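Worksheet: the structure to be examined is printed underneath.
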Amino acid sequence: MVYITILLFVVGTFFGSFYACIVNRLCKNESIIKPGSHCENCKHRLTWYELIPVFSYLIQGGKCRKCRIKLSKEYIITEIVTGLLFALSFIIFEFSYNTLIMIILSSLLVTIFISDFKYMIILDEILIPAAIMLVIILFFQYDIQFVLWSLLKGLIIFVILLVVKLLGDKAYKQESLGWGDVKLSFIAGLLLGFKLGLVYLFVGAFIALPYGIILRLLKKEGVMPFGPFLITSLSIIFIFSSTFNYILNILLGV
Ligand SMILES: [Zn+2]
């Protein structure tokens, strides 16, 4: 148990490093293959021992080995957070399909936090592979009938968000919800079903509220990203789905 948890943390840091790299490159419309990892300042190509997550950063004292410029903390934070989330997935769900699902949700969480906060985008290049992998896992975990129902529930939540978006766009005369939020909600419906899919929207809006208020108080103009709050909501409800179902059934008097 302990060894697997540690192993998943280490694997997670590598994934985190990879995610930070591809998300930034895709959002900036750069190639994800060329050039290899390099210092943004002096273009010095990183050797293999400069690419070890967390470790390299600490050994180099957070500076480029060539030009000594301070490296951005974004990478090391992403690496540590992804490692922790991967390890946590196993601690919560142990040996089960839910661990795999939770690892995919963790990956969505990390990548959406970077892309939506920095670039106001949720990448199709991330959402589509994640959705496909989730469908495959659900197929092995249950059966084809379950998968078809899940796809339908995903579609329903997707359509609800789409209607909210279109009405919102009209009312506010600007983009109210991003397309990425609508597509992400398909995954929410797929995993959570219809009722918890609705709860996901409310919880997402609820945790986004303090951030929205702070932005207003600081008089920051512009639209605020909603994706990070939605994926956080999705992950929380997935972990505590039985508790949420229990509360929901009491409220609905079932
Ligand atoms: Zn450099």
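Each chain in the structure tokens gets a letter, A, B, ..., in the order shown, and its residues are numbered from 1; ligands are numbered from 1 in order too.
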What are the closest atom pairs, with distances in Å to one decimal, for all residues of chain A lying within 7 Å of ligand 1? Consider only C-alpha atoms and all ligand atoms, order rows by chain and residue number, and present the result as a Markdown table.
| residue | atom | partner | partner_atom_place_in_ligand_line | distance |
| --- | --- | --- | --- | --- |
| A:Cys39 | CA | ligand 1 | 1 (Zn) | 4.5 |
| A:Glu40 | CA | ligand 1 | 1 (Zn) | 6.6 |
| A:Asn41 | CA | ligand 1 | 1 (Zn) | 5.0 |
| A:Cys42 | CA | ligand 1 | 1 (Zn) | 4.1 |
| A:Lys43 | CA | ligand 1 | 1 (Zn) | 6.2 |
| A:His44 | CA | ligand 1 | 1 (Zn) | 5.6 |
| A:Cys64 | CA | ligand 1 | 1 (Zn) | 4.6 |
| A:Arg65 | CA | ligand 1 | 1 (Zn) | 6.6 |
| A:Lys66 | CA | ligand 1 | 1 (Zn) | 5.1 |
| A:Cys67 | CA | ligand 1 | 1 (Zn) | 4.2 |
| A:Arg68 | CA | ligand 1 | 1 (Zn) | 6.2 |
| A:Ile69 | CA | ligand 1 | 1 (Zn) | 5.9 |
Could you pull the residues within 8 Å of Phe194 of chain A, counting only C-alpha atoms, minus those fewer than 3 positions along the same chain, as number ranges by chain?
A: 153-154, 156-157, 189, 197-198
Please extract the residues of segment 9-101 of chain A with a backbone DSSP assignment of strand (DSSP E or B) and present them as a list in words.
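These are the residues in question: His38, Arg45, Lys63 and Lys70 of chain A.
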Residues flagged alpha helix (DSSP H) by DSSP in segment 20-142 of chain A, as an NGL selection string
:A and (20-27 or 55-59 or 74-93 or 97-119 or 124-141)
Pick from A:Ile4, A:Ile237, A:Leu190, A:Val223, whichever lies nearest to Glu94 of chain A using only C-alpha atoms:
A:Ile4
Quick one: residues within 9 Å of Ser233 of chain A, only C-alpha atoms counted, chain neighbours fewer than 3 positions away excluded, as a short mmCIF file (atom, residue, chain, number, x, y, z; two decimals) with N, CA and C atoms, in the first residue's frame?
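Dumped everything to part-v4.cif:
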data_model
loop_
_atom_site.label_atom_id
_atom_site.label_comp_id
_atom_site.auth_asym_id
_atom_site.auth_seq_id
_atom_site.Cartn_x
_atom_site.Cartn_y
_atom_site.Cartn_z
N VAL A 199 -26.49 18.57 -9.20
CA VAL A 199 -25.82 18.99 -7.97
C VAL A 199 -24.45 19.58 -8.31
N TYR A 200 -23.76 18.93 -9.28
CA TYR A 200 -22.44 19.39 -9.73
C TYR A 200 -22.47 20.85 -10.19
N LEU A 201 -23.53 21.23 -10.90
CA LEU A 201 -23.64 22.61 -11.38
C LEU A 201 -23.79 23.59 -10.22
N PHE A 202 -24.65 23.20 -9.24
CA PHE A 202 -24.87 24.08 -8.10
C PHE A 202 -23.61 24.21 -7.25
N VAL A 203 -22.97 23.07 -6.99
CA VAL A 203 -21.74 23.11 -6.17
C VAL A 203 -20.67 23.92 -6.89
N GLY A 204 -20.55 23.74 -8.22
CA GLY A 204 -19.57 24.50 -9.01
C GLY A 204 -19.81 26.00 -8.90
N ALA A 205 -21.08 26.39 -9.05
CA ALA A 205 -21.42 27.82 -8.96
C ALA A 205 -21.16 28.33 -7.54
N ILE A 207 -18.93 27.24 -5.26
CA ILE A 207 -17.52 27.47 -4.92
C ILE A 207 -16.89 28.57 -5.79
N PRO A 228 -12.25 25.69 -13.73
CA PRO A 228 -11.58 25.16 -12.54
C PRO A 228 -12.58 24.83 -11.42
N PHE A 229 -13.64 25.62 -11.30
CA PHE A 229 -14.62 25.38 -10.23
C PHE A 229 -15.49 24.18 -10.58
N LEU A 230 -15.81 24.04 -11.86
CA LEU A 230 -16.63 22.90 -12.29
C LEU A 230 -15.88 21.58 -12.09
N ILE A 236 -15.02 16.46 -6.29
CA ILE A 236 -15.53 16.32 -4.92
C ILE A 236 -16.76 15.42 -4.90
N ILE A 237 -17.68 15.65 -5.85
CA ILE A 237 -18.92 14.85 -5.85
C ILE A 237 -18.62 13.40 -6.23
N PHE A 238 -17.64 13.19 -7.11
CA PHE A 238 -17.28 11.81 -7.46
C PHE A 238 -16.75 11.08 -6.23
#
Using only C-alpha atoms, the best pick from A:Glu50, A:Asp143, A:Glu221, A:Glu125 as closest to His38 of chain A would be A:Glu50
Please list as a PDB file with N, CA and C atoms, in the first residue's frame every residue within 6 Å of Leu155 of chain A, counting only C-alpha atoms and excluding residues in the same chain fewer than 3 positions away.
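See selection.pdb below for the written result:
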ATOM      1  N   LEU A 152     -26.004   8.872 -22.394  1.00  0.00           N
ATOM      2  CA  LEU A 152     -27.253   9.629 -22.496  1.00  0.00           C
ATOM      3  C   LEU A 152     -27.324  10.696 -21.399  1.00  0.00           C
ATOM      4  N   PHE A 158     -25.078  18.005 -20.821  1.00  0.00           N
ATOM      5  CA  PHE A 158     -24.476  18.834 -21.873  1.00  0.00           C
ATOM      6  C   PHE A 158     -25.518  19.792 -22.461  1.00  0.00           C
ATOM      7  N   PHE A 186     -20.454  17.438 -20.037  1.00  0.00           N
ATOM      8  CA  PHE A 186     -20.799  16.123 -20.597  1.00  0.00           C
ATOM      9  C   PHE A 186     -20.134  15.030 -19.763  1.00  0.00           C
TER      10      PHE A 186
END
Go through segment 90-178 of chain A residue by residue and, counting only C-alpha atoms, keep those with an atom at most 9 Å from segment 19-33 of chain A; for each kept residue give the shortest atom pair and its distance in Å to one decimal, ordered by chain and increasing number, as a tab-separated table.
residue	atom	partner	partner_atom	distance
A:Ser107	CA	A:Tyr19	CA	7.9
A:Val110	CA	A:Tyr19	CA	7.7
A:Thr111	CA	A:Tyr19	CA	6.3
A:Ile112	CA	A:Val23	CA	8.7
A:Ile114	CA	A:Val23	CA	7.2
A:Ser115	CA	A:Val23	CA	6.3
A:Lys118	CA	A:Asn24	CA	8.8
A:Tyr119	CA	A:Cys27	CA	6.8
A:Ile121	CA	A:Cys27	CA	7.5
A:Leu123	CA	A:Cys27	CA	7.8
A:Glu125	CA	A:Leu26	CA	8.4
A:Ile126	CA	A:Val23	CA	8.6
Taking into account only C-alpha atoms, which residue in the set A:Ser185, A:Thr5, A:Thr47, A:Ser235 is nearest to Phe90 of chain A?
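Of all the options, A:Thr5 lies closest to Phe90 of chain A.
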Which is closer to Lys195 of chain A than all the others in A:Ile214, A:Leu248, A:Val54, A:Leu167, using only C-alpha atoms?
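The closest residue to Lys195 of chain A is A:Leu248.
Proximity to Asn245 of chain A was assessed for A:Ala208, A:Leu196, A:Ile231, A:Ile136 counting only C-alpha atoms; the smallest distance is recorded for A:Leu196.
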Quick one: of A:Lys70, A:Met1, A:Thr78, A:Arg45, who's nearest to Phe15 of chain A, counting only C-alpha atoms?
A:Thr78
Distance atom CA of Ile239 of chain A-atom CA of Ser89 of chain A, one decimal place?
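Taking atom CA of Ile239 of chain A as the start and atom CA of Ser89 of chain A as the end point, the length is 9.0 Å.
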What's around segment 169-183 of chain A at 7 Å? Count only C-alpha atoms, leave out sequence neighbours fewer than 3 positions away in its own chain, and write the answer as a PyMOL selection string.
chain A and resi 121-122+158+161-162+165-166+186+226-227
With C-alpha atoms kept, could you save the residues just selected as an mmCIF file, in the first residue's frame?
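Written file, selection.cif:
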data_model
loop_
_atom_site.group_PDB
_atom_site.id
_atom_site.type_symbol
_atom_site.label_atom_id
_atom_site.label_comp_id
_atom_site.auth_asym_id
_atom_site.auth_seq_id
_atom_site.Cartn_x
_atom_site.Cartn_y
_atom_site.Cartn_z
ATOM 1 C CA ILE A 121 -9.399 27.874 -22.587
ATOM 2 C CA ILE A 122 -10.365 24.288 -21.848
ATOM 3 C CA PHE A 158 -24.476 18.834 -21.873
ATOM 4 C CA LEU A 161 -25.516 23.655 -20.010
ATOM 5 C CA LEU A 162 -25.840 24.507 -23.692
ATOM 6 C CA LYS A 165 -25.040 29.222 -22.213
ATOM 7 C CA LEU A 166 -27.193 30.341 -25.137
ATOM 8 C CA PHE A 186 -20.799 16.123 -20.597
ATOM 9 C CA PHE A 226 -15.596 28.747 -14.568
ATOM 10 C CA GLY A 227 -13.849 25.506 -15.604
#
Pairwise distance for atom CA of Phe9 of chain A and atom CA of Glu79 of chain A, rounded to one decimal in Å
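Atom CA of Glu79 of chain A lies 9.3 Å from atom CA of Phe9 of chain A.
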